[in-house]
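Coordinates as given in final-v1.pdb (PDB, C-alpha atoms, pLDDT in the B column):
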```pdb
MODEL        1
ATOM      1  CA  MET A1288      11.443 -58.226   5.743  1.00 49.00           C
ATOM      2  CA  ASN A1289       9.646 -55.806   3.439  1.00 50.00           C
ATOM      3  CA  LEU A1290      11.734 -52.703   2.770  1.00 52.00           C
ATOM      4  CA  GLU A1291       9.421 -51.207   0.187  1.00 53.00           C
ATOM      5  CA  ARG A1292       8.133 -47.739   0.877  1.00 52.00           C
ATOM      6  CA  PRO A1293       4.415 -47.175   0.646  1.00 50.00           C
ATOM      7  CA  ALA A1294       3.433 -45.374  -2.519  1.00 49.00           C
ATOM      8  CA  VAL A1295       2.515 -41.738  -2.105  1.00 54.00           C
ATOM      9  CA  ARG A1296      -0.935 -41.299  -3.475  1.00 59.00           C
ATOM     10  CA  MET A1297      -2.067 -37.878  -4.409  1.00 64.00           C
ATOM     11  CA  GLY A1298      -5.380 -37.900  -6.155  1.00 84.00           C
ATOM     12  CA  TRP A1299      -6.763 -35.185  -8.361  1.00 85.00           C
ATOM     13  CA  ALA A1300      -8.857 -33.791  -5.477  1.00 87.00           C
ATOM     14  CA  THR A1301      -5.711 -33.304  -3.375  1.00 89.00           C
ATOM     15  CA  ILE A1302      -3.875 -31.627  -6.247  1.00 90.00           C
ATOM     16  CA  VAL A1303      -6.812 -29.270  -6.768  1.00 92.00           C
ATOM     17  CA  ALA A1304      -6.872 -28.505  -3.031  1.00 94.00           C
ATOM     18  CA  TYR A1305      -3.175 -27.516  -3.104  1.00 94.00           C
ATOM     19  CA  MET A1306      -3.824 -25.414  -6.214  1.00 95.00           C
ATOM     20  CA  GLU A1307      -6.566 -23.621  -4.277  1.00 94.00           C
ATOM     21  CA  LEU A1308      -4.346 -23.255  -1.199  1.00 94.00           C
ATOM     22  CA  SER A1309      -1.606 -21.628  -3.273  1.00 94.00           C
ATOM     23  CA  ARG A1310      -4.094 -19.384  -5.145  1.00 94.00           C
ATOM     24  CA  LEU A1311      -2.707 -20.713  -8.413  1.00 92.00           C
ATOM     25  CA  PRO A1312      -4.649 -18.308 -10.702  1.00 92.00           C
ATOM     26  CA  GLN A1313      -3.161 -15.333  -8.817  1.00 93.00           C
ATOM     27  CA  THR A1314       0.360 -16.572  -9.524  1.00 95.00           C
ATOM     28  CA  ILE A1315      -0.169 -15.273 -13.066  1.00 96.00           C
ATOM     29  CA  VAL A1316      -0.293 -11.747 -11.613  1.00 95.00           C
ATOM     30  CA  VAL A1317       2.949 -12.430  -9.709  1.00 97.00           C
ATOM     31  CA  ALA A1318       4.634 -13.652 -12.900  1.00 97.00           C
ATOM     32  CA  LEU A1319       3.373 -10.665 -14.896  1.00 97.00           C
ATOM     33  CA  GLY A1320       4.475  -8.266 -12.154  1.00 96.00           C
ATOM     34  CA  THR A1321       7.942  -9.775 -12.280  1.00 97.00           C
ATOM     35  CA  LEU A1322       8.061  -9.362 -16.071  1.00 96.00           C
ATOM     36  CA  ILE A1323       6.876  -5.764 -15.812  1.00 95.00           C
ATOM     37  CA  GLY A1324       9.439  -5.098 -13.093  1.00 95.00           C
ATOM     38  CA  VAL A1325      12.409  -6.250 -15.180  1.00 96.00           C
ATOM     39  CA  ARG A1326      11.428  -3.730 -17.864  1.00 93.00           C
ATOM     40  CA  LEU A1327      10.549  -0.936 -15.438  1.00 93.00           C
ATOM     41  CA  PHE A1328      13.873  -1.169 -13.658  1.00 94.00           C
ATOM     42  CA  GLY A1329      15.877  -1.574 -16.873  1.00 92.00           C
ATOM     43  CA  VAL A1330      17.671  -4.755 -15.855  1.00 94.00           C
ATOM     44  CA  GLN A1331      19.456  -6.503 -18.709  1.00 93.00           C
ATOM     45  CA  ALA A1332      18.729 -10.061 -17.629  1.00 94.00           C
ATOM     46  CA  SER A1333      19.007 -13.321 -19.531  1.00 96.00           C
ATOM     47  CA  TYR A1334      15.886 -15.374 -20.144  1.00 96.00           C
ATOM     48  CA  LEU A1335      17.114 -17.892 -17.597  1.00 97.00           C
ATOM     49  CA  THR A1336      17.479 -15.177 -14.947  1.00 97.00           C
ATOM     50  CA  VAL A1337      13.983 -13.866 -15.648  1.00 97.00           C
ATOM     51  CA  VAL A1338      12.525 -17.374 -15.447  1.00 97.00           C
ATOM     52  CA  LEU A1339      14.351 -18.063 -12.160  1.00 98.00           C
ATOM     53  CA  VAL A1340      13.123 -14.796 -10.635  1.00 98.00           C
ATOM     54  CA  ILE A1341       9.545 -15.514 -11.765  1.00 98.00           C
ATOM     55  CA  PHE A1342       9.814 -19.033 -10.338  1.00 98.00           C
ATOM     56  CA  SER A1343      11.172 -17.656  -7.058  1.00 98.00           C
ATOM     57  CA  ASN A1344       8.464 -14.994  -6.738  1.00 98.00           C
ATOM     58  CA  VAL A1345       5.661 -17.409  -7.559  1.00 98.00           C
ATOM     59  CA  LEU A1346       6.898 -19.898  -4.956  1.00 98.00           C
ATOM     60  CA  LEU A1347       7.243 -17.146  -2.337  1.00 98.00           C
ATOM     61  CA  PHE A1348       3.654 -16.105  -3.064  1.00 97.00           C
ATOM     62  CA  MET A1349       2.441 -19.703  -2.783  1.00 97.00           C
ATOM     63  CA  GLY A1350       4.273 -20.074   0.533  1.00 97.00           C
ATOM     64  CA  ALA A1351       2.716 -16.858   1.821  1.00 97.00           C
ATOM     65  CA  THR A1352      -0.815 -17.955   0.982  1.00 96.00           C
ATOM     66  CA  ALA A1353      -0.298 -21.374   2.572  1.00 96.00           C
ATOM     67  CA  ALA A1354       1.206 -19.819   5.716  1.00 96.00           C
ATOM     68  CA  ASN A1355      -1.655 -17.352   5.924  1.00 94.00           C
ATOM     69  CA  ASP A1356      -4.337 -20.006   5.508  1.00 94.00           C
ATOM     70  CA  SER A1357      -2.672 -22.274   8.076  1.00 94.00           C
ATOM     71  CA  CYS A1358      -3.056 -19.470  10.645  1.00 93.00           C
ATOM     72  CA  ASP A1359      -6.659 -18.634   9.659  1.00 87.00           C
ATOM     73  CA  VAL A1360      -8.359 -22.013  10.040  1.00 87.00           C
ATOM     74  CA  THR A1361     -10.600 -20.942  12.935  1.00 86.00           C
ATOM     75  CA  GLU A1362     -11.839 -17.826  11.102  1.00 86.00           C
ATOM     76  CA  ASP A1363     -12.137 -19.623   7.770  1.00 85.00           C
ATOM     77  CA  ILE A1364     -14.359 -22.341   9.278  1.00 86.00           C
ATOM     78  CA  VAL A1365     -16.972 -19.612   9.681  1.00 88.00           C
ATOM     79  CA  ASN A1366     -16.148 -17.181   6.860  1.00 86.00           C
ATOM     80  CA  LYS A1367     -14.706 -19.404   4.113  1.00 89.00           C
ATOM     81  CA  PRO A1368     -15.638 -23.006   4.925  1.00 89.00           C
ATOM     82  CA  ASN A1369     -14.999 -24.253   1.384  1.00 91.00           C
ATOM     83  CA  ARG A1370     -11.280 -23.445   1.468  1.00 93.00           C
ATOM     84  CA  PRO A1371      -8.952 -26.472   1.611  1.00 93.00           C
ATOM     85  CA  LEU A1372      -8.114 -26.327   5.338  1.00 92.00           C
ATOM     86  CA  PRO A1373     -11.526 -25.692   6.929  1.00 93.00           C
ATOM     87  CA  SER A1374     -13.125 -28.187   4.552  1.00 93.00           C
ATOM     88  CA  GLY A1375     -10.607 -30.833   5.693  1.00 92.00           C
ATOM     89  CA  ARG A1376      -9.137 -31.462   2.243  1.00 93.00           C
ATOM     90  CA  ILE A1377      -5.691 -30.414   3.547  1.00 94.00           C
ATOM     91  CA  SER A1378      -4.551 -30.611   7.163  1.00 93.00           C
ATOM     92  CA  GLN A1379      -3.094 -27.606   8.935  1.00 93.00           C
ATOM     93  CA  GLU A1380       0.201 -29.469   9.373  1.00 95.00           C
ATOM     94  CA  SER A1381       0.349 -30.252   5.656  1.00 95.00           C
ATOM     95  CA  ALA A1382      -0.297 -26.597   4.833  1.00 96.00           C
ATOM     96  CA  VAL A1383       2.570 -25.523   7.113  1.00 96.00           C
ATOM     97  CA  ARG A1384       4.906 -28.072   5.486  1.00 97.00           C
ATOM     98  CA  PHE A1385       3.792 -26.875   2.054  1.00 97.00           C
ATOM     99  CA  ALA A1386       4.461 -23.240   3.031  1.00 97.00           C
ATOM    100  CA  ILE A1387       7.948 -24.103   4.295  1.00 97.00           C
ATOM    101  CA  ALA A1388       8.699 -26.090   1.126  1.00 98.00           C
ATOM    102  CA  CYS A1389       7.489 -23.234  -1.101  1.00 98.00           C
ATOM    103  CA  PHE A1390       9.523 -20.664   0.829  1.00 98.00           C
ATOM    104  CA  ALA A1391      12.656 -22.819   0.621  1.00 98.00           C
ATOM    105  CA  ALA A1392      12.094 -23.540  -3.063  1.00 98.00           C
ATOM    106  CA  GLY A1393      11.602 -19.802  -3.669  1.00 98.00           C
ATOM    107  CA  ILE A1394      14.697 -18.730  -1.758  1.00 98.00           C
ATOM    108  CA  LEU A1395      17.110 -21.166  -3.444  1.00 97.00           C
ATOM    109  CA  PRO A1396      16.769 -19.918  -7.052  1.00 97.00           C
ATOM    110  CA  ALA A1397      16.872 -16.326  -5.807  1.00 98.00           C
ATOM    111  CA  PHE A1398      20.288 -17.002  -4.259  1.00 97.00           C
ATOM    112  CA  GLY A1399      21.275 -18.740  -7.487  1.00 95.00           C
ATOM    113  CA  VAL A1400      20.605 -15.496  -9.336  1.00 97.00           C
ATOM    114  CA  ALA A1401      22.229 -13.060  -6.871  1.00 96.00           C
ATOM    115  CA  PRO A1402      22.981 -12.877  -3.148  1.00 97.00           C
ATOM    116  CA  TRP A1403      20.923  -9.700  -2.660  1.00 96.00           C
ATOM    117  CA  LEU A1404      17.950 -11.287  -4.398  1.00 97.00           C
ATOM    118  CA  GLY A1405      18.301 -14.302  -2.097  1.00 97.00           C
ATOM    119  CA  ALA A1406      18.380 -11.985   0.906  1.00 97.00           C
ATOM    120  CA  GLY A1407      15.253 -10.267  -0.396  1.00 97.00           C
ATOM    121  CA  ALA A1408      13.516 -13.629  -0.761  1.00 98.00           C
ATOM    122  CA  ILE A1409      14.361 -14.479   2.855  1.00 98.00           C
ATOM    123  CA  VAL A1410      12.927 -11.137   3.977  1.00 97.00           C
ATOM    124  CA  ILE A1411       9.744 -11.767   1.985  1.00 97.00           C
ATOM    125  CA  ALA A1412       9.346 -15.276   3.457  1.00 97.00           C
ATOM    126  CA  ALA A1413       9.990 -14.027   7.010  1.00 97.00           C
ATOM    127  CA  THR A1414       7.703 -11.025   6.581  1.00 95.00           C
ATOM    128  CA  SER A1415       4.923 -13.172   5.115  1.00 96.00           C
ATOM    129  CA  THR A1416       5.231 -15.575   8.035  1.00 96.00           C
ATOM    130  CA  ALA A1417       5.246 -12.760  10.597  1.00 95.00           C
ATOM    131  CA  TYR A1418       2.145 -11.321   8.949  1.00 93.00           C
ATOM    132  CA  ALA A1419       0.319 -14.654   9.015  1.00 93.00           C
ATOM    133  CA  VAL A1420       1.236 -15.417  12.624  1.00 93.00           C
ATOM    134  CA  TRP A1421       0.643 -12.068  14.322  1.00 90.00           C
ATOM    135  CA  LEU A1422       1.030  -8.842  12.297  1.00 91.00           C
ATOM    136  CA  LYS A1423      -2.261  -9.224  10.437  1.00 85.00           C
ATOM    137  CA  ARG A1424      -3.964  -8.430  13.729  1.00 85.00           C
ATOM    138  CA  VAL A1425      -2.137  -5.086  14.024  1.00 88.00           C
ATOM    139  CA  PRO A1426      -4.355  -2.510  12.288  1.00 81.00           C
ATOM    140  CA  PHE A1427      -2.835  -0.737   9.320  1.00 89.00           C
ATOM    141  CA  VAL A1428       0.632  -2.291   9.903  1.00 90.00           C
ATOM    142  CA  GLY A1429      -0.554  -5.616   8.477  1.00 88.00           C
ATOM    143  CA  ASN A1430      -2.189  -3.851   5.532  1.00 88.00           C
ATOM    144  CA  LEU A1431       1.017  -1.969   4.703  1.00 91.00           C
ATOM    145  CA  LEU A1432       3.022  -5.162   5.063  1.00 91.00           C
ATOM    146  CA  VAL A1433       0.822  -7.030   2.578  1.00 91.00           C
ATOM    147  CA  ALA A1434       1.061  -4.125   0.131  1.00 93.00           C
ATOM    148  CA  THR A1435       4.863  -4.115   0.452  1.00 93.00           C
ATOM    149  CA  VAL A1436       5.120  -7.876  -0.084  1.00 93.00           C
ATOM    150  CA  SER A1437       2.599  -7.788  -2.952  1.00 93.00           C
ATOM    151  CA  THR A1438       4.648  -5.137  -4.717  1.00 95.00           C
ATOM    152  CA  TYR A1439       7.898  -7.118  -4.373  1.00 96.00           C
ATOM    153  CA  PRO A1440       7.723  -8.769  -7.846  1.00 96.00           C
ATOM    154  CA  LEU A1441       7.960  -5.283  -9.343  1.00 95.00           C
ATOM    155  CA  TYR A1442      10.803  -3.897  -7.233  1.00 94.00           C
ATOM    156  CA  CYS A1443      12.798  -7.111  -6.609  1.00 96.00           C
ATOM    157  CA  TRP A1444      14.913  -6.158  -9.630  1.00 95.00           C
ATOM    158  CA  MET A1445      16.662  -3.475  -7.592  1.00 94.00           C
ATOM    159  CA  ALA A1446      18.616  -6.372  -6.065  1.00 93.00           C
ATOM    160  CA  LEU A1447      20.112  -6.903  -9.522  1.00 92.00           C
ATOM    161  CA  GLY A1448      21.097  -3.286  -9.986  1.00 90.00           C
ATOM    162  CA  GLY A1449      17.827  -2.036 -11.427  1.00 86.00           C
ATOM    163  CA  GLU A1450      17.468   1.727 -11.363  1.00 84.00           C
ATOM    164  CA  PRO A1451      14.245   3.058  -9.851  1.00 84.00           C
ATOM    165  CA  GLY A1452      13.536   5.763 -12.424  1.00 86.00           C
ATOM    166  CA  ARG A1453      10.508   8.026 -12.396  1.00 90.00           C
ATOM    167  CA  THR A1454       8.226   5.606 -14.249  1.00 91.00           C
ATOM    168  CA  ALA A1455       9.217   2.674 -12.054  1.00 91.00           C
ATOM    169  CA  ALA A1456       8.672   4.740  -8.907  1.00 91.00           C
ATOM    170  CA  HIS A1457       5.210   5.810 -10.093  1.00 92.00           C
ATOM    171  CA  VAL A1458       4.134   2.298 -11.053  1.00 93.00           C
ATOM    172  CA  VAL A1459       5.392   0.772  -7.806  1.00 93.00           C
ATOM    173  CA  ALA A1460       3.791   3.562  -5.757  1.00 93.00           C
ATOM    174  CA  ALA A1461       0.471   3.215  -7.600  1.00 94.00           C
ATOM    175  CA  PHE A1462       0.402  -0.559  -7.110  1.00 92.00           C
ATOM    176  CA  PHE A1463       1.371  -0.133  -3.444  1.00 93.00           C
ATOM    177  CA  VAL A1464      -1.487   2.341  -2.887  1.00 94.00           C
ATOM    178  CA  TYR A1465      -3.896   0.039  -4.733  1.00 92.00           C
ATOM    179  CA  ARG A1466      -2.863  -2.999  -2.636  1.00 92.00           C
ATOM    180  CA  THR A1467      -3.047  -0.971   0.585  1.00 90.00           C
ATOM    181  CA  GLY A1468      -6.587   0.121  -0.292  1.00 91.00           C
ATOM    182  CA  ALA A1469      -7.611  -3.405  -1.217  1.00 89.00           C
ATOM    183  CA  GLU A1470      -6.252  -4.728   2.081  1.00 86.00           C
ATOM    184  CA  LEU A1471      -8.009  -1.996   4.069  1.00 86.00           C
ATOM    185  CA  LEU A1472     -11.295  -2.925   2.364  1.00 87.00           C
ATOM    186  CA  LYS A1473     -10.748  -6.604   3.194  1.00 80.00           C
ATOM    187  CA  THR A1474     -10.078  -5.648   6.807  1.00 76.00           C
ATOM    188  CA  ALA A1475     -13.257  -3.554   6.905  1.00 76.00           C
ATOM    189  CA  GLU A1476     -15.278  -6.543   5.722  1.00 70.00           C
TER     190      GLU A1476
ENDMDL
END
```
Just give me the structure of the file as structure tokens.
Amino acid sequence: MNLERPAVRMGWATIVAYMELSRLPQTIVVALGTLIGVRLFGVQASYLTVVLVIFSNVLLFMGATAANDSCDVTEDIVNKPNRPLPSGRISQESAVRFAIACFAAGILPAFGVAPWLGAGAIVIAATSTAYAVWLKRVPFVGNLLVATVSTYPLYCWMALGGEPGRTAAHVVAAFFVYRTGAELLKTAE
């Protein structure tokens, strides 16, 4: 009786496909937004707290992109056939599992930092999922939702008592308007 488990083999091509699925280069923007947010909102946070919040936000972003791509396979076969799902490098089921894992892994450290931050992470995961499944097809509502979620790394610090002063409000509003415009242009395409 052989009780050995088969080895999980993940080749370089699979790793690259998951990096593409999670839009890994864009996670730098999420991390930078989180760093800017801690300063904008004047939160006196330890390095560990900042790292945990960055980690949480990056994982939430990765989950959102995986959830979105898992719902867009039919469109992406025509419009973006080289992406991991339409090209067959990652299955739709694997992308859904990856999204769930990223959301869970993003929510846990947020709760470790503060209950309100954990609640915010749950809202972001749920909102991202709702967008991917059906709200993206609702004109303007989906665009505003993406802008709100995209701006979260800046304003998430309010959950830790950050004060939304004038500068913070202007920066968040400007980024929100920018993201709304970018989403409207993508929709127009």
TODO: Could you jot down the atom CA of A:Val1337 to atom CA of A:Ser1437 separation for me, Å, one decimal place?
DONE: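 Separating atom CA of A:Val1337 from atom CA of A:Ser1437 is a distance of 18.1 Å.
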Residues within 10 Å of (-4.0, -0.8, 1.9), file coords, all atoms listed in the file, listed as a PDB file with C-alpha atoms, in the frame of the given file:
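The resulting file, out12.pdb, is reproduced below:
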```pdb
ATOM      1  CA  PHE A1427      -2.835  -0.737   9.320  1.00 89.00           C
ATOM      2  CA  VAL A1428       0.632  -2.291   9.903  1.00 90.00           C
ATOM      3  CA  GLY A1429      -0.554  -5.616   8.477  1.00 88.00           C
ATOM      4  CA  ASN A1430      -2.189  -3.851   5.532  1.00 88.00           C
ATOM      5  CA  LEU A1431       1.017  -1.969   4.703  1.00 91.00           C
ATOM      6  CA  LEU A1432       3.022  -5.162   5.063  1.00 91.00           C
ATOM      7  CA  VAL A1433       0.822  -7.030   2.578  1.00 91.00           C
ATOM      8  CA  ALA A1434       1.061  -4.125   0.131  1.00 93.00           C
ATOM      9  CA  THR A1435       4.863  -4.115   0.452  1.00 93.00           C
ATOM     10  CA  PHE A1463       1.371  -0.133  -3.444  1.00 93.00           C
ATOM     11  CA  VAL A1464      -1.487   2.341  -2.887  1.00 94.00           C
ATOM     12  CA  TYR A1465      -3.896   0.039  -4.733  1.00 92.00           C
ATOM     13  CA  ARG A1466      -2.863  -2.999  -2.636  1.00 92.00           C
ATOM     14  CA  THR A1467      -3.047  -0.971   0.585  1.00 90.00           C
ATOM     15  CA  GLY A1468      -6.587   0.121  -0.292  1.00 91.00           C
ATOM     16  CA  ALA A1469      -7.611  -3.405  -1.217  1.00 89.00           C
ATOM     17  CA  GLU A1470      -6.252  -4.728   2.081  1.00 86.00           C
ATOM     18  CA  LEU A1471      -8.009  -1.996   4.069  1.00 86.00           C
ATOM     19  CA  LEU A1472     -11.295  -2.925   2.364  1.00 87.00           C
ATOM     20  CA  LYS A1473     -10.748  -6.604   3.194  1.00 80.00           C
ATOM     21  CA  THR A1474     -10.078  -5.648   6.807  1.00 76.00           C
TER      22      THR A1474
END
```
TODO: Could you check how far atom CA of A:Ala1332 sits from atom CA of A:Gly1350, in Å to one decimal?
DONE: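 Separating atom CA of A:Ala1332 from atom CA of A:Gly1350 is a distance of 25.3 Å.
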- [ ] Quote the spacing between atom CA of A:Ile1411 and atom CA of A:Thr1438 in Å to one decimal place.
- [x]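 Those two atoms sit 10.7 Å apart.
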TODO: Compare A:Gly1407, A:Gly1324, A:Pro1373, A:Pro1312 by their minimum atom-to-atom distance to A:Thr1454, counting all atoms listed in the file, and give me the closest one.
DONE: A:Gly1324
TODO: Apply the PyMOL selection byres ((chain A and resi 1326) around 12) to the structure shown and report the selected residues as a ChimeraX atom specification.
DONE: /A:1319-1325,1327-1332,1337,1440-1445,1449-1452,1454-1455,1458
Since we have the selection now, will you write its residues out, keeping C-alpha atoms, as a tab-separated table (two decimals), keeping the file's coordinate frame?
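Output below, filename result36.tsv:
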```
chain	number	residue	atom	x	y	z
A	1319	LEU	CA	3.37	-10.66	-14.90
A	1320	GLY	CA	4.47	-8.27	-12.15
A	1321	THR	CA	7.94	-9.78	-12.28
A	1322	LEU	CA	8.06	-9.36	-16.07
A	1323	ILE	CA	6.88	-5.76	-15.81
A	1324	GLY	CA	9.44	-5.10	-13.09
A	1325	VAL	CA	12.41	-6.25	-15.18
A	1327	LEU	CA	10.55	-0.94	-15.44
A	1328	PHE	CA	13.87	-1.17	-13.66
A	1329	GLY	CA	15.88	-1.57	-16.87
A	1330	VAL	CA	17.67	-4.76	-15.86
A	1331	GLN	CA	19.46	-6.50	-18.71
A	1332	ALA	CA	18.73	-10.06	-17.63
A	1337	VAL	CA	13.98	-13.87	-15.65
A	1440	PRO	CA	7.72	-8.77	-7.85
A	1441	LEU	CA	7.96	-5.28	-9.34
A	1442	TYR	CA	10.80	-3.90	-7.23
A	1443	CYS	CA	12.80	-7.11	-6.61
A	1444	TRP	CA	14.91	-6.16	-9.63
A	1445	MET	CA	16.66	-3.48	-7.59
A	1449	GLY	CA	17.83	-2.04	-11.43
A	1450	GLU	CA	17.47	1.73	-11.36
A	1451	PRO	CA	14.24	3.06	-9.85
A	1452	GLY	CA	13.54	5.76	-12.42
A	1454	THR	CA	8.23	5.61	-14.25
A	1455	ALA	CA	9.22	2.67	-12.05
A	1458	VAL	CA	4.13	2.30	-11.05
```
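Considering all atoms listed in the file, the residue among A:Arg1424, A:Arg1310, A:His1457, A:Arg1376 positioned nearest to A:Leu1347 is A:Arg1310.
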TODO: Considering all atoms listed in the file, return as a list in words whatever protein or nucleic-acid residues lie within 9 Å of A:Ala1446, sequence-local ones (same chain, fewer than 4 positions apart) excluded.
DONE: Ala1401, Pro1402, Trp1403, Leu1404, Gly1405, Ala1406, Gly1407 and Tyr1442 of chain A
Check which residues satisfy the PyMOL selection byres ((chain A and resi 1353-1357) around 7) in the file shown, then give them as a JSON list (two decimals) with C-alpha atoms, in the frame of the given file.
```
[["chain", "number", "residue", "atom", "x", "y", "z"],
["A", 1308, "LEU", "CA", -4.35, -23.26, -1.20],
["A", 1309, "SER", "CA", -1.61, -21.63, -3.27],
["A", 1349, "MET", "CA", 2.44, -19.70, -2.78],
["A", 1350, "GLY", "CA", 4.27, -20.07, 0.53],
["A", 1351, "ALA", "CA", 2.72, -16.86, 1.82],
["A", 1352, "THR", "CA", -0.82, -17.95, 0.98],
["A", 1358, "CYS", "CA", -3.06, -19.47, 10.64],
["A", 1359, "ASP", "CA", -6.66, -18.63, 9.66],
["A", 1360, "VAL", "CA", -8.36, -22.01, 10.04],
["A", 1379, "GLN", "CA", -3.09, -27.61, 8.94],
["A", 1382, "ALA", "CA", -0.30, -26.60, 4.83],
["A", 1383, "VAL", "CA", 2.57, -25.52, 7.11],
["A", 1385, "PHE", "CA", 3.79, -26.88, 2.05],
["A", 1386, "ALA", "CA", 4.46, -23.24, 3.03],
["A", 1416, "THR", "CA", 5.23, -15.58, 8.04],
["A", 1419, "ALA", "CA", 0.32, -14.65, 9.02]]
```
Open item on the list: Set the distance at 12 Å and use all atoms listed in the file: which residues neighbour A:Ser1333 once local chain neighbours fewer than 6 positions away are removed? I'd like the list as an NGL selection string.
Closed with: :A and (1325 or 1339-1340 or 1400 or 1447)
Show me, as AutoDock Vina command-line options, the centre and edge lengths in Å to one decimal of the axis-aligned box that covers every listed atom of stretch 1302-1305 of chain A with 4 Å on each side.
```
--center_x -5.0 --center_y -29.6 --center_z -4.9 --size_x 11.7 --size_y 12.1 --size_z 11.7
```
Open item on the list: Please enumerate the residues selected by the PyMOL selection byres ((chain A and resi 1343) around 8) when evaluated against the supplied file, formatted as JSON, numbers by chain.
Closed with: {"A": [1339, 1340, 1341, 1342, 1344, 1345, 1346, 1347, 1392, 1393, 1394, 1395, 1396, 1397, 1408]}
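Take the candidates A:Phe1390, A:Tyr1439, A:Tyr1334, A:Phe1348 and check each one against A:Ile1315 using only C-alpha atoms; the shortest distance goes to A:Phe1348.
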Task: Nearest-residue call for A:Ala1318, choices A:Met1306, A:Ser1415, A:Val1338, A:Ile1364, using all atoms listed in the file - done: A:Val1338
Open item on the list: Considering all atoms listed in the file, can you say which of A:Glu1362, A:Gly1375, A:Pro1426, A:Ala1413 comes closest to A:Ala1391?
Closed with: A:Ala1413
